[in-house]
Number of protein chains: 2
Amino acid sequence: MIDIIHRIGINAPAARVYEALTSIESLAGWWTEEVEGQEQVGGKIEFIFRSKNGDLKGKMVMEVKELNSPRYVRWQCTEGPDEWVGTDITFRLSEQDNQTIVLFGHRNWREAVEFTAHCSMKWSVFLLSLRDYVKTGKGQPSPYDLKIDNWN
Amino acid sequence: MIDIIHRIGINAPAARVYEALTSIESLAGWWTEEVEGQEQVGGKIEFIFRSKNGDLKGKMVMEVKELNSPRYVRWQCTEGPDEWVGTDITFRLSEQDNQTIVLFGHRNWREAVEFTAHCSMKWSVFLLSLRDYVKTGKGQPSPYDLKIDNWN
């Protein structure tokens, strides 16, 4: 199995980062503005991505599989691009050197394809958006996200 | 074997991006200011990373293994962190939709450790620096790179 993994540090308490990963309102502040669903374990959260002119670009549904405040979040993708369905998204938090370290994983891809490389780069950009959101209250959620290539 | 892979598009001809990946002067413009060596196949290029106050943070030596202008570059790490020695760095370029698409790989890690996640995030930041360098002539090479966590 193939995993995308990233590590980022955020100058904020783990509880604040955990909140940004688990509340619908905060998810809209750094990943995509169009999000709705149930936050608790067993709930499903729908993330919709559009271009700035409103065209639908993609939709993902994540089932919340594990929540361990303020240390761990795991979602499983139940709808979305073929390559994403069945994959896990994990966030493991720890406090080190006055930062919250986020160990991010998008795990269990069936194979490493060019779309995996696109998503790896894109997750980096959204993790920087998460950091900005936690530190300043303002991230760059879709459709205001930094475009990285001809696929987004 | 574990691979870090990223995909980024740059609004410039492939030849320009290829130049930024293969000339010592350009490598100093987006990865680290302190770089020297031989650009041709079989040559070795030394990259030194320091903090802003001059403390040595790391040193990597890459042997240039393949050059196929303007399509492909492969280095192999011959000195550096234990986890890097023997790994390959690859850049595959193609032109699509008026962009040069860079398919980046840092390949053949022995295992996926937390340092791998750090490096994956850090490579994303340096690929954004590469894009800025190609587009504007000014990137964010070390020691002016965006710091991502408590390890850098």
# chains A, B, ... in the order shown; residues from 1 in each chain; ligands from 1
>>> residues_around(residues="Phe104 (chain A)", least_positions_apart="6", cutoff="12 Å", atoms="only C-alpha atoms", output="ChimeraX atom specification")
/A:3-9,21,71-75,88-94,120,123-124,126-127,130 /B:114,116-118,120-121
>>> write_last_selection(atoms="N, CA and C atoms", output="tab-separated table (two decimals), in the first residue's frame")
chain	number	residue	atom	x	y	z
A	3	ASP	N	1.39	5.33	0.87
A	3	ASP	CA	0.94	6.40	1.77
A	3	ASP	C	1.57	7.74	1.35
A	4	ILE	N	0.75	8.79	1.38
A	4	ILE	CA	1.27	10.15	1.37
A	4	ILE	C	1.44	10.55	2.83
A	5	ILE	N	2.62	11.03	3.20
A	5	ILE	CA	2.81	11.51	4.59
A	5	ILE	C	3.51	12.86	4.57
A	6	HIS	N	3.07	13.73	5.48
A	6	HIS	CA	3.66	15.06	5.63
A	6	HIS	C	3.75	15.38	7.13
A	7	ARG	N	4.66	16.29	7.45
A	7	ARG	CA	4.85	16.72	8.84
A	7	ARG	C	4.91	18.24	8.85
A	8	ILE	N	4.07	18.86	9.69
A	8	ILE	CA	4.09	20.32	9.79
A	8	ILE	C	3.94	20.71	11.26
A	9	GLY	N	4.57	21.81	11.64
A	9	GLY	CA	4.46	22.33	13.00
A	9	GLY	C	3.66	23.61	13.01
A	21	LEU	N	-9.42	20.54	13.00
A	21	LEU	CA	-9.53	19.30	12.21
A	21	LEU	C	-10.87	18.60	12.41
A	71	ARG	N	-5.38	14.33	20.15
A	71	ARG	CA	-4.21	13.60	19.65
A	71	ARG	C	-4.37	12.98	18.27
A	72	TYR	N	-5.57	12.58	17.89
A	72	TYR	CA	-5.67	11.74	16.71
A	72	TYR	C	-7.03	11.87	16.05
A	73	VAL	N	-7.02	11.95	14.73
A	73	VAL	CA	-8.23	11.98	13.92
A	73	VAL	C	-8.03	11.00	12.77
A	74	ARG	N	-9.02	10.16	12.52
A	74	ARG	CA	-8.95	9.32	11.31
A	74	ARG	C	-10.28	9.34	10.59
A	75	TRP	N	-10.21	9.66	9.30
A	75	TRP	CA	-11.36	9.59	8.42
A	75	TRP	C	-11.13	8.45	7.42
A	88	ASP	N	-7.52	6.07	3.88
A	88	ASP	CA	-7.66	6.72	5.18
A	88	ASP	C	-6.90	8.03	5.22
A	89	ILE	N	-7.49	9.00	5.90
A	89	ILE	CA	-6.82	10.28	6.17
A	89	ILE	C	-6.59	10.34	7.67
A	90	THR	N	-5.34	10.52	8.09
A	90	THR	CA	-5.02	10.53	9.52
A	90	THR	C	-4.25	11.78	9.89
A	91	PHE	N	-4.53	12.27	11.07
A	91	PHE	CA	-3.81	13.41	11.65
A	91	PHE	C	-3.40	13.00	13.06
A	92	ARG	N	-2.10	12.93	13.32
A	92	ARG	CA	-1.60	12.59	14.65
A	92	ARG	C	-0.90	13.82	15.22
A	93	LEU	N	-1.33	14.29	16.37
A	93	LEU	CA	-0.83	15.53	16.95
A	93	LEU	C	0.05	15.26	18.17
A	94	SER	N	1.13	16.03	18.29
A	94	SER	CA	1.95	15.99	19.51
A	94	SER	C	2.52	17.38	19.74
A	120	SER	N	-0.42	14.67	-3.23
A	120	SER	CA	0.62	14.89	-2.22
A	120	SER	C	0.99	16.36	-2.15
A	123	TRP	N	-2.02	18.35	-0.75
A	123	TRP	CA	-2.14	18.25	0.71
A	123	TRP	C	-1.16	19.18	1.41
A	124	SER	N	0.06	19.29	0.88
A	124	SER	CA	1.03	20.22	1.48
A	124	SER	C	0.47	21.63	1.52
A	126	PHE	N	-2.65	22.54	1.45
A	126	PHE	CA	-3.75	22.66	2.41
A	126	PHE	C	-3.26	22.60	3.86
A	127	LEU	N	-2.16	21.90	4.12
A	127	LEU	CA	-1.60	21.91	5.49
A	127	LEU	C	-1.03	23.29	5.82
A	130	LEU	N	-4.05	25.16	6.67
A	130	LEU	CA	-4.45	24.82	8.05
A	130	LEU	C	-3.62	25.63	9.04
B	114	GLU	N	9.21	9.29	10.35
B	114	GLU	CA	8.71	10.66	10.53
B	114	GLU	C	9.56	11.65	9.74
B	116	THR	N	10.77	11.11	6.86
B	116	THR	CA	10.26	11.05	5.49
B	116	THR	C	9.12	12.05	5.32
B	117	ALA	N	8.22	12.09	6.32
B	117	ALA	CA	7.09	13.01	6.27
B	117	ALA	C	7.57	14.46	6.29
B	118	HIS	N	8.59	14.73	7.11
B	118	HIS	CA	9.20	16.08	7.13
B	118	HIS	C	9.75	16.42	5.75
B	120	SER	N	8.98	15.19	2.84
B	120	SER	CA	7.92	15.32	1.84
B	120	SER	C	7.34	16.72	1.86
B	121	MET	N	7.03	17.19	3.06
B	121	MET	CA	6.50	18.56	3.20
B	121	MET	C	7.52	19.59	2.73
>>> select_by_dssp(residues="chain A", states="helix (DSSP H, G or I)", output="count of residues only")
39
>>> residues_around(residues="Tyr133 (chain B)", least_positions_apart="2", cutoff="12 Å", atoms="only C-alpha atoms", output="ChimeraX atom specification")
/B:10-12,16-17,19-21,25-31,126-131,135-141
>>> write_last_selection(atoms="N, CA, C and O atoms", output="mmCIF file, in the first residue's frame")
data_model
loop_
_atom_site.group_PDB
_atom_site.id
_atom_site.type_symbol
_atom_site.label_atom_id
_atom_site.label_comp_id
_atom_site.auth_asym_id
_atom_site.auth_seq_id
_atom_site.Cartn_x
_atom_site.Cartn_y
_atom_site.Cartn_z
ATOM 1 N N ILE B 10 4.361 24.686 -13.873
ATOM 2 C CA ILE B 10 5.041 25.988 -13.917
ATOM 3 C C ILE B 10 4.769 26.620 -15.274
ATOM 4 O O ILE B 10 4.959 25.971 -16.310
ATOM 5 N N ASN B 11 4.322 27.864 -15.271
ATOM 6 C CA ASN B 11 4.026 28.564 -16.530
ATOM 7 C C ASN B 11 5.311 29.039 -17.198
ATOM 8 O O ASN B 11 5.643 30.224 -17.164
ATOM 9 N N ALA B 12 6.033 28.101 -17.765
ATOM 10 C CA ALA B 12 7.296 28.411 -18.437
ATOM 11 C C ALA B 12 7.635 27.223 -19.337
ATOM 12 O O ALA B 12 7.159 26.104 -19.101
ATOM 13 N N ARG B 16 13.325 26.035 -19.810
ATOM 14 C CA ARG B 16 13.639 26.976 -18.722
ATOM 15 C C ARG B 16 13.641 26.252 -17.369
ATOM 16 O O ARG B 16 14.496 26.501 -16.505
ATOM 17 N N VAL B 17 12.664 25.356 -17.186
ATOM 18 C CA VAL B 17 12.598 24.603 -15.935
ATOM 19 C C VAL B 17 13.803 23.661 -15.839
ATOM 20 O O VAL B 17 14.455 23.554 -14.786
ATOM 21 N N GLU B 19 16.685 24.044 -17.104
ATOM 22 C CA GLU B 19 17.867 24.844 -16.764
ATOM 23 C C GLU B 19 17.938 25.095 -15.253
ATOM 24 O O GLU B 19 19.011 25.016 -14.635
ATOM 25 N N ALA B 20 16.766 25.371 -14.665
ATOM 26 C CA ALA B 20 16.728 25.662 -13.221
ATOM 27 C C ALA B 20 17.075 24.440 -12.375
ATOM 28 O O ALA B 20 17.436 24.573 -11.206
ATOM 29 N N LEU B 21 16.948 23.250 -12.978
ATOM 30 C CA LEU B 21 17.247 22.002 -12.262
ATOM 31 C C LEU B 21 18.670 21.518 -12.490
ATOM 32 O O LEU B 21 19.118 20.582 -11.819
ATOM 33 N N GLU B 25 24.133 27.704 -10.705
ATOM 34 C CA GLU B 25 23.649 29.041 -10.352
ATOM 35 C C GLU B 25 22.150 29.015 -10.061
ATOM 36 O O GLU B 25 21.673 29.634 -9.103
ATOM 37 N N SER B 26 21.394 28.281 -10.881
ATOM 38 C CA SER B 26 19.944 28.231 -10.668
ATOM 39 C C SER B 26 19.570 27.400 -9.445
ATOM 40 O O SER B 26 18.631 27.745 -8.718
ATOM 41 N N LEU B 27 20.282 26.309 -9.206
ATOM 42 C CA LEU B 27 19.992 25.505 -8.006
ATOM 43 C C LEU B 27 20.137 26.361 -6.744
ATOM 44 O O LEU B 27 19.385 26.196 -5.778
ATOM 45 N N ALA B 28 21.092 27.297 -6.797
ATOM 46 C CA ALA B 28 21.284 28.219 -5.671
ATOM 47 C C ALA B 28 20.140 29.212 -5.545
ATOM 48 O O ALA B 28 19.992 29.872 -4.515
ATOM 49 N N GLY B 29 19.332 29.303 -6.578
ATOM 50 C CA GLY B 29 18.227 30.258 -6.576
ATOM 51 C C GLY B 29 16.948 29.727 -5.959
ATOM 52 O O GLY B 29 16.016 30.495 -5.684
ATOM 53 N N TRP B 30 16.879 28.411 -5.760
ATOM 54 C CA TRP B 30 15.618 27.881 -5.208
ATOM 55 C C TRP B 30 15.795 26.799 -4.137
ATOM 56 O O TRP B 30 14.889 26.564 -3.354
ATOM 57 N N TRP B 31 16.945 26.098 -4.077
ATOM 58 C CA TRP B 31 17.070 25.043 -3.059
ATOM 59 C C TRP B 31 17.951 25.509 -1.896
ATOM 60 O O TRP B 31 17.493 25.595 -0.781
ATOM 61 N N PHE B 126 9.996 23.557 -1.363
ATOM 62 C CA PHE B 126 11.076 23.890 -2.306
ATOM 63 C C PHE B 126 10.586 23.845 -3.762
ATOM 64 O O PHE B 126 11.093 24.582 -4.609
ATOM 65 N N LEU B 127 9.597 23.016 -4.061
ATOM 66 C CA LEU B 127 9.044 23.024 -5.426
ATOM 67 C C LEU B 127 8.268 24.322 -5.681
ATOM 68 O O LEU B 127 8.298 24.855 -6.794
ATOM 69 N N LEU B 128 7.604 24.840 -4.661
ATOM 70 C CA LEU B 128 6.978 26.166 -4.811
ATOM 71 C C LEU B 128 8.052 27.229 -4.999
ATOM 72 O O LEU B 128 7.876 28.184 -5.773
ATOM 73 N N SER B 129 9.174 27.070 -4.315
ATOM 74 C CA SER B 129 10.310 27.982 -4.491
ATOM 75 C C SER B 129 10.871 27.886 -5.919
ATOM 76 O O SER B 129 11.184 28.905 -6.550
ATOM 77 N N LEU B 130 10.981 26.646 -6.413
ATOM 78 C CA LEU B 130 11.426 26.446 -7.808
ATOM 79 C C LEU B 130 10.485 27.186 -8.767
ATOM 80 O O LEU B 130 10.934 27.874 -9.692
ATOM 81 N N ARG B 131 9.197 27.051 -8.540
ATOM 82 C CA ARG B 131 8.233 27.724 -9.421
ATOM 83 C C ARG B 131 8.406 29.243 -9.371
ATOM 84 O O ARG B 131 8.430 29.901 -10.411
ATOM 85 N N LYS B 135 9.552 31.591 -12.529
ATOM 86 C CA LYS B 135 8.618 32.617 -13.004
ATOM 87 C C LYS B 135 9.121 34.040 -12.772
ATOM 88 O O LYS B 135 8.834 34.943 -13.559
ATOM 89 N N THR B 136 9.839 34.259 -11.675
ATOM 90 C CA THR B 136 10.185 35.643 -11.300
ATOM 91 C C THR B 136 11.685 35.880 -11.173
ATOM 92 O O THR B 136 12.097 37.029 -11.001
ATOM 93 N N GLY B 137 12.473 34.815 -11.204
ATOM 94 C CA GLY B 137 13.909 34.985 -10.979
ATOM 95 C C GLY B 137 14.276 34.977 -9.510
ATOM 96 O O GLY B 137 15.461 35.067 -9.162
ATOM 97 N N LYS B 138 13.281 34.875 -8.642
ATOM 98 C CA LYS B 138 13.568 34.891 -7.205
ATOM 99 C C LYS B 138 12.800 33.781 -6.490
ATOM 100 O O LYS B 138 11.568 33.784 -6.469
ATOM 101 N N GLY B 139 13.526 32.837 -5.927
ATOM 102 C CA GLY B 139 12.919 31.780 -5.122
ATOM 103 C C GLY B 139 13.190 32.039 -3.651
ATOM 104 O O GLY B 139 13.543 33.152 -3.262
ATOM 105 N N GLN B 140 12.996 30.997 -2.836
ATOM 106 C CA GLN B 140 13.268 31.096 -1.391
ATOM 107 C C GLN B 140 14.207 29.947 -1.028
ATOM 108 O O GLN B 140 13.805 28.979 -0.367
ATOM 109 N N PRO B 141 15.471 30.057 -1.482
ATOM 110 C CA PRO B 141 16.427 28.992 -1.140
ATOM 111 C C PRO B 141 16.828 29.093 0.335
ATOM 112 O O PRO B 141 16.715 30.154 0.944
#
>>> closest_residue(among="B:Ile45, B:Met1, B:Ala14, B:Met62", to="chain A", atoms="only C-alpha atoms")
B:Met1
>>> closest_residue(among="A:Leu103, A:Val41, A:Trp109, A:Pro143", to="chain B", atoms="only C-alpha atoms")
A:Leu103
>>> select_by_dssp(residues="region 68-147 of chain A", states="strand (DSSP E or B)", output="PyMOL selection string")
chain A and resi 68+72-79+88-96+99-109+142
>>> atom_distance(atom1="CA of Asn150 (chain B)", atom2="CA of Asn53 (chain B)")
16.7 Å
>>> residues_around(residues="Pro13 (chain A)", least_positions_apart="4", cutoff="8 Å", atoms="only C-alpha atoms", output="list in words")
Val17, Glu95, Gln99 and Thr100 of chain A
>>> write_last_selection(atoms="all heavy atoms", output="tab-separated table (two decimals), in the first residue's frame")
chain	number	residue	atom	x	y	z
A	17	VAL	N	-5.47	23.01	17.33
A	17	VAL	CA	-5.30	22.33	16.04
A	17	VAL	C	-6.35	21.23	15.89
A	17	VAL	O	-6.98	21.09	14.82
A	17	VAL	CB	-3.87	21.76	15.90
A	17	VAL	CG1	-3.71	21.03	14.57
A	17	VAL	CG2	-2.83	22.87	16.04
A	95	GLU	N	2.82	17.69	20.98
A	95	GLU	CA	3.40	19.01	21.27
A	95	GLU	C	4.91	18.86	21.49
A	95	GLU	O	5.34	18.03	22.30
A	95	GLU	CB	2.71	19.64	22.48
A	95	GLU	CG	1.27	20.05	22.13
A	95	GLU	CD	0.51	20.70	23.28
A	95	GLU	OE1	0.88	20.48	24.44
A	95	GLU	OE2	-0.47	21.43	23.00
A	99	GLN	N	5.43	23.85	19.71
A	99	GLN	CA	4.63	23.73	18.50
A	99	GLN	C	3.74	22.49	18.64
A	99	GLN	O	4.09	21.56	19.35
A	99	GLN	CB	5.50	23.51	17.26
A	99	GLN	CG	6.45	24.64	16.92
A	99	GLN	CD	7.23	24.38	15.63
A	99	GLN	OE1	6.72	23.76	14.70
A	99	GLN	NE2	8.45	24.86	15.59
A	100	THR	N	2.64	22.51	17.92
A	100	THR	CA	1.91	21.26	17.73
A	100	THR	C	2.39	20.66	16.41
A	100	THR	O	2.29	21.32	15.35
A	100	THR	CB	0.40	21.49	17.68
A	100	THR	OG1	-0.02	21.95	18.97
A	100	THR	CG2	-0.35	20.20	17.34
>>> residues_around(residues="Thr87 (chain A)", least_positions_apart="6", cutoff="8 Å", atoms="only C-alpha atoms", output="list of chain:residue names")
A:Gln76, A:Cys77, A:His106, A:Arg107, A:Asn108, A:Trp109
>>> closest_residue(among="B:Asn98, B:Thr78, B:Thr32, B:Ser51", to="chain A", atoms="only C-alpha atoms")
B:Asn98
